[in-house]
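These notes concern the structure reproduced below.
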Amino acid sequence: MGSLDGRYVLGTREKSQVARNAGRLSSVDGLLPAVRPKRSEPSIRPTGAVGGGGDVQLGLPEGVSFERLELSEERCPNCRSNGLSVFYTVRNVPMHSCLLVSSQKKALEYPRGGLQLSFCHACGFIANTRFDGTANNYCTEYEETQGFSPRFRAFAKSLAERLIEKYDIRGKSVLEIGCGKGEFLALMCELGDNRGIGIDPAYVPERNPSRTTRSINFIQDFYSEAYADLEVDVICCRHTLEHIAPTYAFMDMIRRAIGDRRDVLVLFEVPDVIRVLKEGAFWDIYYEHCTYFSAGSLARLFRASRFEIDDLYLDYDGQYIILAAYPGESSIGPASEIENDLGDLSRAFERFRQTCSDRLVHWRNTIDELTAAGQRTVLWGSGSKAVAFLTTLGITDEIEYVVDINPYKRGRFTLGAGQEIVSPEFLTRYRPDKVIVMNPIYCDEIGRNLDQLGVRAELLPL
Ligand SMILES: [Zn+2]
């Protein structure tokens, strides 16, 4: 149905406003068939032809552009003001990164779409204005969990403990929108003796993480207005909002579902885009993430949707934004210091062309040099970062394997680039020289893992 009042959650099934606009803009990209590039030809081309700027010293991977384009008629899905500035484009990226596929052929032929990041100068929000939510396929074959990492589990546990303590979430009912396999909701219920409702199309009943299953009801579906009558004390939504294109409409739906119950606690967690921009972290920009937030742009969305912000901070080495809010009546409220980030955002946006180009050229050259020297290189971590890293750089045969500690991903293949996903134990036979670490926060964990396996390889963190 296309109406913003209906079922459109997670940017799937129905076209969002952004997706409809994207349709007009994406006649070039569409769903082009994936063709594995031949590696005999280097994928770098001279820069002058790509971004057209003198600030980029070396070549960029094919399909990447920093060309500016003003979309004066485009409406910001966050603050609803007109005018967005396109600043980063990648052609033909896979439309998913966490779906499990059983063959290299399926991985290479997975449908592709266009990335076109656009910046709203009014609120600092960033969206992929070529995103088409109808192409998404969130289902039980969607493997997003990071819960196999001890480092991530420790973070999730300390977050749950902090929230339970600070907001006295004990003996309460907790709804988690986009609960994935349910690990965090299970923690909230076990640590605070709470009752839970988890909603996610990618939930897998056989993997119910809760020891006290009677206290949690999982629903294999997208959250929508159909669930507006669920009366709960706490609403959690972690790493889900960045997959949703009509962000204001989504928050407005939640606010209307809460109605006049002013004591419902709302907890959101999303990646911080200021870090992505400052680091030129092209591996953090991929099709599944159609929206990108800073603490300020997230707060502005919440205020516009009639929430009062209670807490807003960065965690996980500054990678994630955590926001706690209560329903309010108006969008007016005093902004905290962390919300006043438009200047910082604008500077990072202006510098992104250089920071990102530097990173792209560095990693493309590094891979080429390692390949030329006959070095065996693997990636560690097969999630969205790996897919974005490999496909943006145009890497195929130079890297044969991607390691993942999640046993459900073994024997599957990275979408778009086609590497086989293997267990850490596989490395005792493969003996890599280099391990590119997709998130530096896991370096210690990976180093210990390799030591235990007796594998000597140099870690190269992104
Ligand atoms: Zn805006």
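How things are named: the first chain in the structure tokens is A, the next is B, and so on; residues count from 1 in each chain; ligands count from 1 in the order shown.
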>> Residues within 8 Å of range 259-275 of chain A, please, as number ranges by chain. Count only C-alpha atoms; anything in the same chain fewer than 6 positions from it doesn't count.
In response: A: 232-242, 281, 292-295, 314, 318-328, 344-345, 348
Based on the selection just made, write N, CA and C atoms of those residues as a compact mmCIF listing (two decimals), in the first residue's frame.
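This is the output file again-v6.txt:
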# COMPACT_ATOMS: atom_id res chain seq x y z
N VAL A 232 2.75 -1.67 26.63
CA VAL A 232 3.98 -2.10 27.29
C VAL A 232 4.59 -0.94 28.07
N ASP A 233 5.52 -1.27 28.98
CA ASP A 233 6.18 -0.23 29.78
C ASP A 233 7.41 0.31 29.08
N VAL A 234 8.07 -0.55 28.28
CA VAL A 234 9.33 -0.15 27.64
C VAL A 234 9.29 -0.59 26.17
N ILE A 235 9.74 0.31 25.28
CA ILE A 235 9.88 -0.05 23.87
C ILE A 235 11.35 0.09 23.49
N CYS A 236 11.95 -1.02 23.06
CA CYS A 236 13.37 -1.04 22.64
C CYS A 236 13.43 -1.16 21.13
N CYS A 237 14.43 -0.54 20.53
CA CYS A 237 14.62 -0.70 19.09
C CYS A 237 16.10 -0.46 18.81
N ARG A 238 16.83 -1.54 18.61
CA ARG A 238 18.29 -1.43 18.46
C ARG A 238 18.70 -1.84 17.04
N HIS A 239 19.51 -1.00 16.42
CA HIS A 239 20.07 -1.28 15.08
C HIS A 239 18.99 -1.67 14.08
N THR A 240 17.92 -0.97 14.10
CA THR A 240 16.79 -1.21 13.20
C THR A 240 16.38 0.07 12.47
N LEU A 241 16.40 1.20 13.17
CA LEU A 241 15.93 2.46 12.56
C LEU A 241 16.74 2.82 11.30
N GLU A 242 18.02 2.44 11.27
CA GLU A 242 18.85 2.78 10.11
C GLU A 242 18.49 1.92 8.88
N ALA A 281 34.86 6.01 6.44
CA ALA A 281 34.65 4.56 6.59
C ALA A 281 33.64 4.05 5.57
N TYR A 292 21.12 7.33 8.05
CA TYR A 292 22.34 7.50 8.86
C TYR A 292 22.15 8.67 9.81
N PHE A 293 22.46 8.44 11.09
CA PHE A 293 22.18 9.43 12.13
C PHE A 293 23.44 9.88 12.87
N SER A 294 23.39 11.14 13.30
CA SER A 294 24.28 11.60 14.36
C SER A 294 23.42 11.68 15.62
N ALA A 295 24.06 11.93 16.77
CA ALA A 295 23.27 12.08 18.00
C ALA A 295 22.27 13.22 17.82
N LEU A 314 27.14 8.34 23.37
CA LEU A 314 27.81 7.38 22.49
C LEU A 314 28.41 6.26 23.33
N GLY A 318 32.49 4.72 20.95
CA GLY A 318 31.97 5.85 20.19
C GLY A 318 31.29 5.45 18.89
N GLN A 319 31.03 4.15 18.69
CA GLN A 319 30.44 3.71 17.42
C GLN A 319 28.91 3.81 17.40
N TYR A 320 28.29 3.66 18.57
CA TYR A 320 26.83 3.60 18.62
C TYR A 320 26.25 4.77 19.42
N ILE A 321 25.10 5.26 18.95
CA ILE A 321 24.36 6.29 19.68
C ILE A 321 23.26 5.58 20.47
N ILE A 322 23.14 5.92 21.74
CA ILE A 322 22.07 5.35 22.55
C ILE A 322 21.19 6.49 23.05
N LEU A 323 19.90 6.35 22.84
CA LEU A 323 18.95 7.41 23.18
C LEU A 323 17.83 6.82 24.02
N ALA A 324 17.51 7.50 25.11
CA ALA A 324 16.36 7.13 25.94
C ALA A 324 15.40 8.31 25.95
N ALA A 325 14.12 8.05 25.77
CA ALA A 325 13.14 9.15 25.68
C ALA A 325 11.81 8.72 26.28
N TYR A 326 11.03 9.72 26.62
CA TYR A 326 9.65 9.50 27.04
C TYR A 326 8.73 10.28 26.09
N PRO A 327 7.50 9.81 25.92
CA PRO A 327 6.59 10.58 25.09
C PRO A 327 6.33 11.96 25.68
N GLY A 328 6.28 12.96 24.81
CA GLY A 328 5.98 14.32 25.25
C GLY A 328 4.81 14.85 24.46
N ASP A 344 29.70 20.40 13.43
CA ASP A 344 30.61 19.26 13.34
C ASP A 344 30.22 18.35 12.16
N LEU A 345 28.92 18.11 12.04
CA LEU A 345 28.40 17.28 10.94
C LEU A 345 28.72 17.89 9.59
N ALA A 348 32.38 17.55 8.75
CA ALA A 348 32.70 16.15 8.39
C ALA A 348 32.14 15.82 7.01
Could you tell me, counting only C-alpha atoms and all ligand atoms, which protein and nucleic acid residues lie no more than 10 Å from ligand 1, written as a compact mmCIF listing (two decimals) with N, CA and C atoms, in the first residue's frame?
# COMPACT_ATOMS: atom_id res chain seq x y z
N ARG A 75 12.38 15.84 -0.30
CA ARG A 75 12.00 16.18 1.07
C ARG A 75 12.76 15.30 2.05
N CYS A 76 13.33 15.92 3.08
CA CYS A 76 14.06 15.15 4.10
C CYS A 76 13.08 14.27 4.87
N PRO A 77 13.30 12.94 4.89
CA PRO A 77 12.37 12.06 5.60
C PRO A 77 12.45 12.20 7.12
N ASN A 78 13.44 12.94 7.59
CA ASN A 78 13.64 13.13 9.03
C ASN A 78 12.94 14.40 9.52
N CYS A 79 13.25 15.55 8.88
CA CYS A 79 12.72 16.84 9.36
C CYS A 79 11.70 17.44 8.40
N ARG A 80 11.54 16.83 7.24
CA ARG A 80 10.52 17.21 6.26
C ARG A 80 10.76 18.57 5.61
N SER A 81 11.99 19.07 5.71
CA SER A 81 12.29 20.30 4.95
C SER A 81 12.79 19.91 3.56
N ASN A 82 12.69 20.81 2.62
CA ASN A 82 13.05 20.51 1.23
C ASN A 82 14.52 20.78 0.96
N GLY A 83 15.11 19.93 0.14
CA GLY A 83 16.48 20.16 -0.31
C GLY A 83 17.49 19.23 0.33
N LEU A 84 18.09 18.34 -0.49
CA LEU A 84 19.15 17.45 -0.01
C LEU A 84 20.33 17.55 -0.96
N PHE A 119 22.63 14.59 1.98
CA PHE A 119 22.75 15.26 3.28
C PHE A 119 21.70 16.35 3.39
N CYS A 120 21.02 16.40 4.55
CA CYS A 120 20.07 17.48 4.82
C CYS A 120 20.78 18.54 5.65
N HIS A 121 20.94 19.73 5.08
CA HIS A 121 21.64 20.80 5.81
C HIS A 121 20.81 21.32 6.99
N ALA A 122 19.50 21.08 6.96
CA ALA A 122 18.64 21.59 8.03
C ALA A 122 18.76 20.78 9.32
N CYS A 123 18.82 19.43 9.19
CA CYS A 123 18.83 18.61 10.42
C CYS A 123 20.04 17.67 10.51
N GLY A 124 20.86 17.61 9.45
CA GLY A 124 22.05 16.77 9.50
C GLY A 124 21.80 15.31 9.18
N PHE A 125 20.58 14.99 8.78
CA PHE A 125 20.23 13.61 8.46
C PHE A 125 20.83 13.22 7.11
N ILE A 126 21.19 11.94 6.98
CA ILE A 126 21.74 11.42 5.72
C ILE A 126 20.91 10.21 5.30
N ALA A 127 20.53 10.17 4.02
CA ALA A 127 19.73 9.05 3.52
C ALA A 127 20.24 8.63 2.16
N TYR A 248 10.62 9.69 9.95
CA TYR A 248 9.65 10.47 10.74
C TYR A 248 8.33 9.70 10.85
N SER A 297 20.97 14.56 14.90
CA SER A 297 19.87 14.34 13.94
C SER A 297 18.87 13.32 14.48
N ARG A 300 16.82 15.30 16.96
CA ARG A 300 15.87 16.20 16.26
C ARG A 300 14.67 15.41 15.73
N LEU A 301 14.91 14.19 15.27
CA LEU A 301 13.80 13.34 14.83
C LEU A 301 12.88 13.01 16.01
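Once Ile177 in chain A and its same-chain neighbours fewer than 2 positions away are set aside, Leu175, Cys179, Gly198, Ile199, Asp200, Tyr223, Cys236 and Cys237 of chain A remain within 7 Å of it when counting only C-alpha atoms.
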Those residues you just picked out, can you put them in a file as an mmCIF file, in the first residue's frame with N, CA and C atoms?
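Result file follows (selection_16.cif):
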data_model
loop_
_atom_site.group_PDB
_atom_site.id
_atom_site.type_symbol
_atom_site.label_atom_id
_atom_site.label_comp_id
_atom_site.auth_asym_id
_atom_site.auth_seq_id
_atom_site.Cartn_x
_atom_site.Cartn_y
_atom_site.Cartn_z
ATOM 1 N N LEU A 175 8.799 -4.375 25.021
ATOM 2 C CA LEU A 175 8.618 -4.698 23.602
ATOM 3 C C LEU A 175 9.913 -4.376 22.874
ATOM 4 N N CYS A 179 13.894 -7.357 16.986
ATOM 5 C CA CYS A 179 14.650 -8.033 18.059
ATOM 6 C C CYS A 179 15.662 -9.036 17.514
ATOM 7 N N GLY A 198 8.919 -9.779 21.456
ATOM 8 C CA GLY A 198 9.915 -9.473 20.436
ATOM 9 C C GLY A 198 9.304 -9.621 19.052
ATOM 10 N N ILE A 199 9.482 -8.597 18.226
ATOM 11 C CA ILE A 199 8.913 -8.637 16.871
ATOM 12 C C ILE A 199 10.040 -8.501 15.850
ATOM 13 N N ASP A 200 10.145 -9.475 14.971
ATOM 14 C CA ASP A 200 11.162 -9.417 13.914
ATOM 15 C C ASP A 200 10.883 -10.523 12.894
ATOM 16 N N TYR A 223 7.129 -4.887 12.644
ATOM 17 C CA TYR A 223 6.286 -4.067 13.511
ATOM 18 C C TYR A 223 5.467 -3.139 12.627
ATOM 19 N N CYS A 236 11.954 -1.017 23.063
ATOM 20 C CA CYS A 236 13.365 -1.045 22.638
ATOM 21 C C CYS A 236 13.434 -1.165 21.127
ATOM 22 N N CYS A 237 14.427 -0.542 20.529
ATOM 23 C CA CYS A 237 14.618 -0.700 19.088
ATOM 24 C C CYS A 237 16.100 -0.459 18.805
#
Residues of range 374-410 of chain A at most 10 Å from range 441-446 of chain A: nearest atom pair and distance in Å, only C-alpha atoms, as a tab-separated table:
residue	atom	partner	partner_atom	distance
A:Trp380	CA	A:Ile446	CA	8.2
A:Gly381	CA	A:Tyr442	CA	9.4
A:Ile405	CA	A:Ile446	CA	9.7
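Distance annotation: of A:Gly63, A:Ser103, A:Leu393, A:Thr377, the residue with the minimal separation from His362 in chain A is A:Leu393; atom set is only C-alpha atoms.
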>> As an exercise, work out the distance from CA of Ser102 in chain A to CA of Thr134 in chain A in Å and give it to one decimal place.
In response: 22.9 Å
> Nearest to Asn137 in chain A among A:Asp433, A:Glu288, A:Asp310, A:Glu420, with distances taken over only C-alpha atoms: which residue is it?
Replying inline: A:Glu288
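For the set A:Val101, A:Lys166, A:Ile338, A:Met438, the residue with the smallest atom-to-atom gap to Arg410 in chain A is A:Val101, counting only C-alpha atoms.
The strand (DSSP E) portion of range 410-455 of chain A consists of Glu420, Ile421, Val422, Lys434, Val435, Ile436 and Val437 of chain A, with states taken from DSSP on the backbone.
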>> Give me, as a ChimeraX atom specification, all polymer residues having an atom no more than 10 Å from Leu450 in chain A, counting only C-alpha atoms and skipping those fewer than 4 positions away in the same chain.
In response: /A:424-425,427-428,435,444-446,454-457,459
